[in-house]
Amino acid sequence: RRHLIDTDGLSLEEMESLFCRAAYWRDHPEAWFQTGKGRFAANWFLEPSTRTRVSFEVAEKRLGMETIPLDGETSSTMKGESFYDTLRTLAAVGVEVVVVRHAGIGTLAEMAWENPGVSLVNAGEGNGGHPTQALLDLFTMREQFGTLKGLTVSIIGDIRHSRVARSNYWALKTFGARVILAGPESMRDPSLEEYAPYLPVDEAIRQADVVMMLRVQLERHRETLFSSPDVYLHAYGLTPERVEAMRSHAVILHPAPVNRGVEIASELVEHKRSKIFEQMSNGVWIRMAVLERALEGGRG
Ligand code: CP
């Protein structure tokens with residue numbers, strides 16, 4: 001089985017190979033609709049998603065795979081069927097790859113160890129990891145700068161709740177990129193600061209080749225954080241003034257969905273330095289590469 005649980009389980013060579021295959025799928029539409037013919041993927045989404053869910057579905061279809069959507073409300077999860085039994089059931093009916101988004105942490109690694117008979121792909125697990133997001137982020141940076149080694153990437157905002165920050169941190173570390181973290185004190189995560197210094201937002205923006213803004217995950221904060229979105233934007237968000245302070249070649253990334261006017265001024269989402277929509281397009285190529293790898297795990 002070829003699971004994708006998180007980027008800390010991928011070598012530099014494996015990630016390079018995924019980037020090569022992603023570029024191949026982008027550049028060779030004549031090769032689409034063949035590799036996965038007659039093979040099944042289930043997209044099991046127990047938390048909301050637009051980009052990841054739809055781009056996995058497009059990727060599966062472009063590989064020629066059959067796609068089965070599965071959610072929490074209409075599946076037997078509602079009757080108490082366990083994670084493991086659901087995966088075993090999907091394997092028993094002929095599904096080979098299960099793409100999972102859910103709120104728990106560590107369940108996918110545990111399931112992979114229990115070997116339920118399918119290849120598992122993490123599509124976002126609580127605030128634990130979101131490896132395909134990190135891979136598409138690194139692919140976007142690599143397309144822009146040609147290399148990841150030595151690149152300075154500033155990850156700014158709600159680090160504590162961010163599975164995107166975590167998966168990017170591990171992948172960037174593997175490539176020898178320099179990672180800087182920034183944001184409000186209440187959103188810090190000391191477990192990520194071994195490799196990355198925590199700097200004031202303005203300093204993090206000034207030094208970066210890549211300014212990666214994170215969504216303030218309002219749904220994961222119990223307390224009201226700021227008196228108004230404007231207060232957050234001016235203290236920690238990307239404003240036109242802060243874009244002026246960026247290095248001349250630096251670019252803006254954001255995993256989206258975006259809280260316009262909170263972590264980023266609305267007009268900057270489509271700014272000429274923004275790669276936000278390019279990230280989404282790249283997500284399809286990366287997910288084709290990840291699914292292809294999962295299918296290489298074989299049947300049965
Ligand atoms: N970036 C991301 O994971 O977006 P969705 O939650 O819409 O899938």
# chains A, B, ... in the order shown; residues from 1 in each chain; ligands from 1
$ residues_near_ligand --ligand "ligand 1" --cutoff "8 Å" --atoms "only C-alpha atoms and all ligand atoms" --output "list in words"
Pro48, Ser49, Thr50, Arg51, Thr52, Arg53, Val54, Ala123, Gly124, His130, Gln133, Pro255, Ala256 and Pro257 of chain A
$ write_last_selection --atoms "N, CA and C atoms" --output "PDB file, in the first residue's frame"
ATOM      1  N   PRO A  48     -15.900  20.066   6.308  1.00  0.00           N
ATOM      2  CA  PRO A  48     -16.162  20.812   5.070  1.00  0.00           C
ATOM      3  C   PRO A  48     -14.912  21.028   4.222  1.00  0.00           C
ATOM      4  N   SER A  49     -15.095  21.101   2.919  1.00  0.00           N
ATOM      5  CA  SER A  49     -13.995  21.353   1.988  1.00  0.00           C
ATOM      6  C   SER A  49     -14.567  21.740   0.636  1.00  0.00           C
ATOM      7  N   THR A  50     -13.931  22.670  -0.030  1.00  0.00           N
ATOM      8  CA  THR A  50     -14.268  22.967  -1.432  1.00  0.00           C
ATOM      9  C   THR A  50     -13.098  22.569  -2.321  1.00  0.00           C
ATOM     10  N   ARG A  51     -11.946  23.225  -2.147  1.00  0.00           N
ATOM     11  CA  ARG A  51     -10.775  23.017  -2.994  1.00  0.00           C
ATOM     12  C   ARG A  51     -10.260  21.580  -2.997  1.00  0.00           C
ATOM     13  N   THR A  52     -10.028  21.054  -1.803  1.00  0.00           N
ATOM     14  CA  THR A  52      -9.404  19.732  -1.715  1.00  0.00           C
ATOM     15  C   THR A  52     -10.341  18.677  -2.288  1.00  0.00           C
ATOM     16  N   ARG A  53     -11.626  18.743  -1.900  1.00  0.00           N
ATOM     17  CA  ARG A  53     -12.600  17.738  -2.349  1.00  0.00           C
ATOM     18  C   ARG A  53     -12.755  17.786  -3.873  1.00  0.00           C
ATOM     19  N   VAL A  54     -12.956  19.001  -4.393  1.00  0.00           N
ATOM     20  CA  VAL A  54     -13.212  19.116  -5.837  1.00  0.00           C
ATOM     21  C   VAL A  54     -11.942  18.794  -6.630  1.00  0.00           C
ATOM     22  N   ALA A 123      -6.370  14.108   3.419  1.00  0.00           N
ATOM     23  CA  ALA A 123      -6.841  15.340   2.748  1.00  0.00           C
ATOM     24  C   ALA A 123      -7.097  16.437   3.781  1.00  0.00           C
ATOM     25  N   GLY A 124      -6.435  16.334   4.945  1.00  0.00           N
ATOM     26  CA  GLY A 124      -6.608  17.312   6.014  1.00  0.00           C
ATOM     27  C   GLY A 124      -7.131  16.619   7.245  1.00  0.00           C
ATOM     28  N   HIS A 130      -1.823  18.330   6.491  1.00  0.00           N
ATOM     29  CA  HIS A 130      -2.538  18.485   5.216  1.00  0.00           C
ATOM     30  C   HIS A 130      -1.468  18.353   4.108  1.00  0.00           C
ATOM     31  N   GLN A 133      -1.764  19.755   0.499  1.00  0.00           N
ATOM     32  CA  GLN A 133      -1.692  21.220   0.462  1.00  0.00           C
ATOM     33  C   GLN A 133      -0.228  21.669   0.485  1.00  0.00           C
ATOM     34  N   PRO A 255      -3.373  29.223   1.607  1.00  0.00           N
ATOM     35  CA  PRO A 255      -4.000  27.950   1.224  1.00  0.00           C
ATOM     36  C   PRO A 255      -5.477  28.086   0.858  1.00  0.00           C
ATOM     37  N   ALA A 256      -6.116  29.186   1.354  1.00  0.00           N
ATOM     38  CA  ALA A 256      -7.548  29.417   1.153  1.00  0.00           C
ATOM     39  C   ALA A 256      -8.364  28.297   1.827  1.00  0.00           C
ATOM     40  N   PRO A 257      -9.625  28.518   2.193  1.00  0.00           N
ATOM     41  CA  PRO A 257     -10.380  29.741   1.920  1.00  0.00           C
ATOM     42  C   PRO A 257      -9.806  30.952   2.658  1.00  0.00           C
TER      43      PRO A 257
END
$ residues_around --residues "A:Glu185" --least-positions-apart "3" --cutoff "12 Å" --atoms "only C-alpha atoms" --output "list in words"
Ile156, Gly157, Asp158, Ile159, Arg160, Leu181, Ala182, Arg188, Asp189, Pro190, Tyr198, Leu199, Pro200, Val201, Leu225, Ala235 and Tyr236 of chain A
$ residues_around --residues "stretch 17-21 of chain A" --least-positions-apart "6" --cutoff "9 Å" --atoms "only C-alpha atoms" --output "list in words"
Leu135, Leu136, Leu138, Phe139, Arg142, Trp285, Ile286, Met288, Ala289, Val290, Glu292 and Arg293 of chain A
$ select_by_dssp --residues "stretch 54-177 of chain A" --states "strand (DSSP E or B)" --output "list in words"
Glu66, Thr67, Ile68, Pro69, Leu70, Asp71, Val95, Glu96, Val97, Val98, Val99, Val100, Arg101, His102, Ser119, Leu120, Val121, Asn122, Ala123, Gly124, Glu125, Gly129, Thr152, Val153, Ser154, Ile155 and Ile156 of chain A
$ write_last_selection --atoms "N, CA and C atoms" --output "tab-separated table (two decimals), in the first residue's frame"
chain	number	residue	atom	x	y	z
A	66	GLU	N	-12.84	5.94	-11.27
A	66	GLU	CA	-14.23	6.11	-10.83
A	66	GLU	C	-14.16	6.71	-9.42
A	67	THR	N	-15.01	7.70	-9.19
A	67	THR	CA	-14.97	8.45	-7.93
A	67	THR	C	-16.24	8.24	-7.12
A	68	ILE	N	-16.07	7.92	-5.84
A	68	ILE	CA	-17.24	7.70	-4.98
A	68	ILE	C	-17.21	8.71	-3.83
A	69	PRO	N	-18.14	9.66	-3.81
A	69	PRO	CA	-18.19	10.59	-2.68
A	69	PRO	C	-18.86	9.96	-1.47
A	70	LEU	N	-18.32	10.23	-0.31
A	70	LEU	CA	-18.86	9.64	0.93
A	70	LEU	C	-18.79	10.72	2.00
A	71	ASP	N	-19.90	10.93	2.72
A	71	ASP	CA	-19.82	11.91	3.80
A	71	ASP	C	-20.27	11.30	5.12
A	95	VAL	N	-12.83	-0.69	-3.64
A	95	VAL	CA	-12.17	0.62	-3.62
A	95	VAL	C	-10.69	0.42	-3.29
A	96	GLU	N	-9.81	1.11	-4.02
A	96	GLU	CA	-8.37	0.96	-3.77
A	96	GLU	C	-7.75	2.13	-3.03
A	97	VAL	N	-8.33	3.32	-3.24
A	97	VAL	CA	-7.76	4.52	-2.60
A	97	VAL	C	-8.87	5.23	-1.83
A	98	VAL	N	-8.59	5.59	-0.58
A	98	VAL	CA	-9.57	6.37	0.19
A	98	VAL	C	-8.91	7.69	0.60
A	99	VAL	N	-9.52	8.76	0.12
A	99	VAL	CA	-9.06	10.12	0.44
A	99	VAL	C	-9.89	10.59	1.62
A	100	VAL	N	-9.23	10.95	2.72
A	100	VAL	CA	-9.97	11.24	3.97
A	100	VAL	C	-9.70	12.64	4.48
A	101	ARG	N	-10.78	13.36	4.78
A	101	ARG	CA	-10.68	14.59	5.59
A	101	ARG	C	-11.51	14.38	6.84
A	102	HIS	N	-10.91	14.61	7.98
A	102	HIS	CA	-11.67	14.49	9.23
A	102	HIS	C	-11.01	15.30	10.33
A	119	SER	N	-5.26	2.11	0.03
A	119	SER	CA	-4.25	3.15	0.22
A	119	SER	C	-4.94	4.40	0.77
A	120	LEU	N	-4.42	4.95	1.85
A	120	LEU	CA	-5.02	6.11	2.49
A	120	LEU	C	-4.32	7.39	2.06
A	121	VAL	N	-5.10	8.41	1.77
A	121	VAL	CA	-4.53	9.72	1.44
A	121	VAL	C	-5.15	10.74	2.38
A	122	ASN	N	-4.28	11.42	3.13
A	122	ASN	CA	-4.73	12.44	4.08
A	122	ASN	C	-5.10	13.72	3.32
A	123	ALA	N	-6.37	14.11	3.42
A	123	ALA	CA	-6.84	15.34	2.75
A	123	ALA	C	-7.10	16.44	3.78
A	124	GLY	N	-6.43	16.33	4.94
A	124	GLY	CA	-6.61	17.31	6.01
A	124	GLY	C	-7.13	16.62	7.25
A	125	GLU	N	-6.26	16.53	8.27
A	125	GLU	CA	-6.62	15.78	9.49
A	125	GLU	C	-6.51	16.73	10.69
A	129	GLY	N	-2.21	17.57	10.03
A	129	GLY	CA	-1.47	17.65	8.77
A	129	GLY	C	-2.38	17.76	7.56
A	152	THR	N	13.56	31.57	1.60
A	152	THR	CA	13.00	31.98	2.90
A	152	THR	C	11.48	32.06	2.79
A	153	VAL	N	10.82	31.23	3.60
A	153	VAL	CA	9.35	31.16	3.56
A	153	VAL	C	8.81	31.60	4.92
A	154	SER	N	8.07	32.70	4.93
A	154	SER	CA	7.47	33.18	6.18
A	154	SER	C	6.02	32.74	6.26
A	155	ILE	N	5.72	31.94	7.29
A	155	ILE	CA	4.36	31.44	7.49
A	155	ILE	C	3.73	32.28	8.60
A	156	ILE	N	2.66	32.98	8.27
A	156	ILE	CA	2.17	34.04	9.16
A	156	ILE	C	0.70	33.85	9.51
$ closest_residue --among "A:Met187, A:Ala177, A:Ile276, A:Ala245" --to "A:Glu203" --atoms "only C-alpha atoms"
A:Ala245
$ select_by_dssp --residues "stretch 61-272 of chain A" --states "alpha helix (DSSP H)" --output "PyMOL selection string"
chain A and resi 61-62+83-92+107-114+131-145+163-175+201-207+229-236+240-244
$ closest_residue --among "A:Ser76, A:Asn168, A:Thr107, A:Gln144" --to "A:Thr7" --atoms "only C-alpha atoms"
A:Asn168
$ residues_around --residues "A:Ala109" --least-positions-apart "4" --cutoff "9 Å" --atoms "only C-alpha atoms" --output "ChimeraX atom specification"
/A:5-6,105,113-114
$ write_last_selection --atoms "C-alpha atoms" --output "CSV table (one decimal), in the first residue's frame"
chain,number,residue,atom,x,y,z
A,5,ILE,CA,-0.2,10.3,5.9
A,6,ASP,CA,2.0,13.5,6.1
A,105,ILE,CA,-5.4,13.6,14.8
A,113,TRP,CA,-0.6,0.5,10.6
A,114,GLU,CA,-3.7,-1.7,10.9
$ atom_distance --atom1 "atom CA of A:His3" --atom2 "atom CA of A:Glu81"
22.1 Å
$ atom_distance --atom1 "atom CA of A:Asn115" --atom2 "atom CA of A:Asn43"
18.2 Å
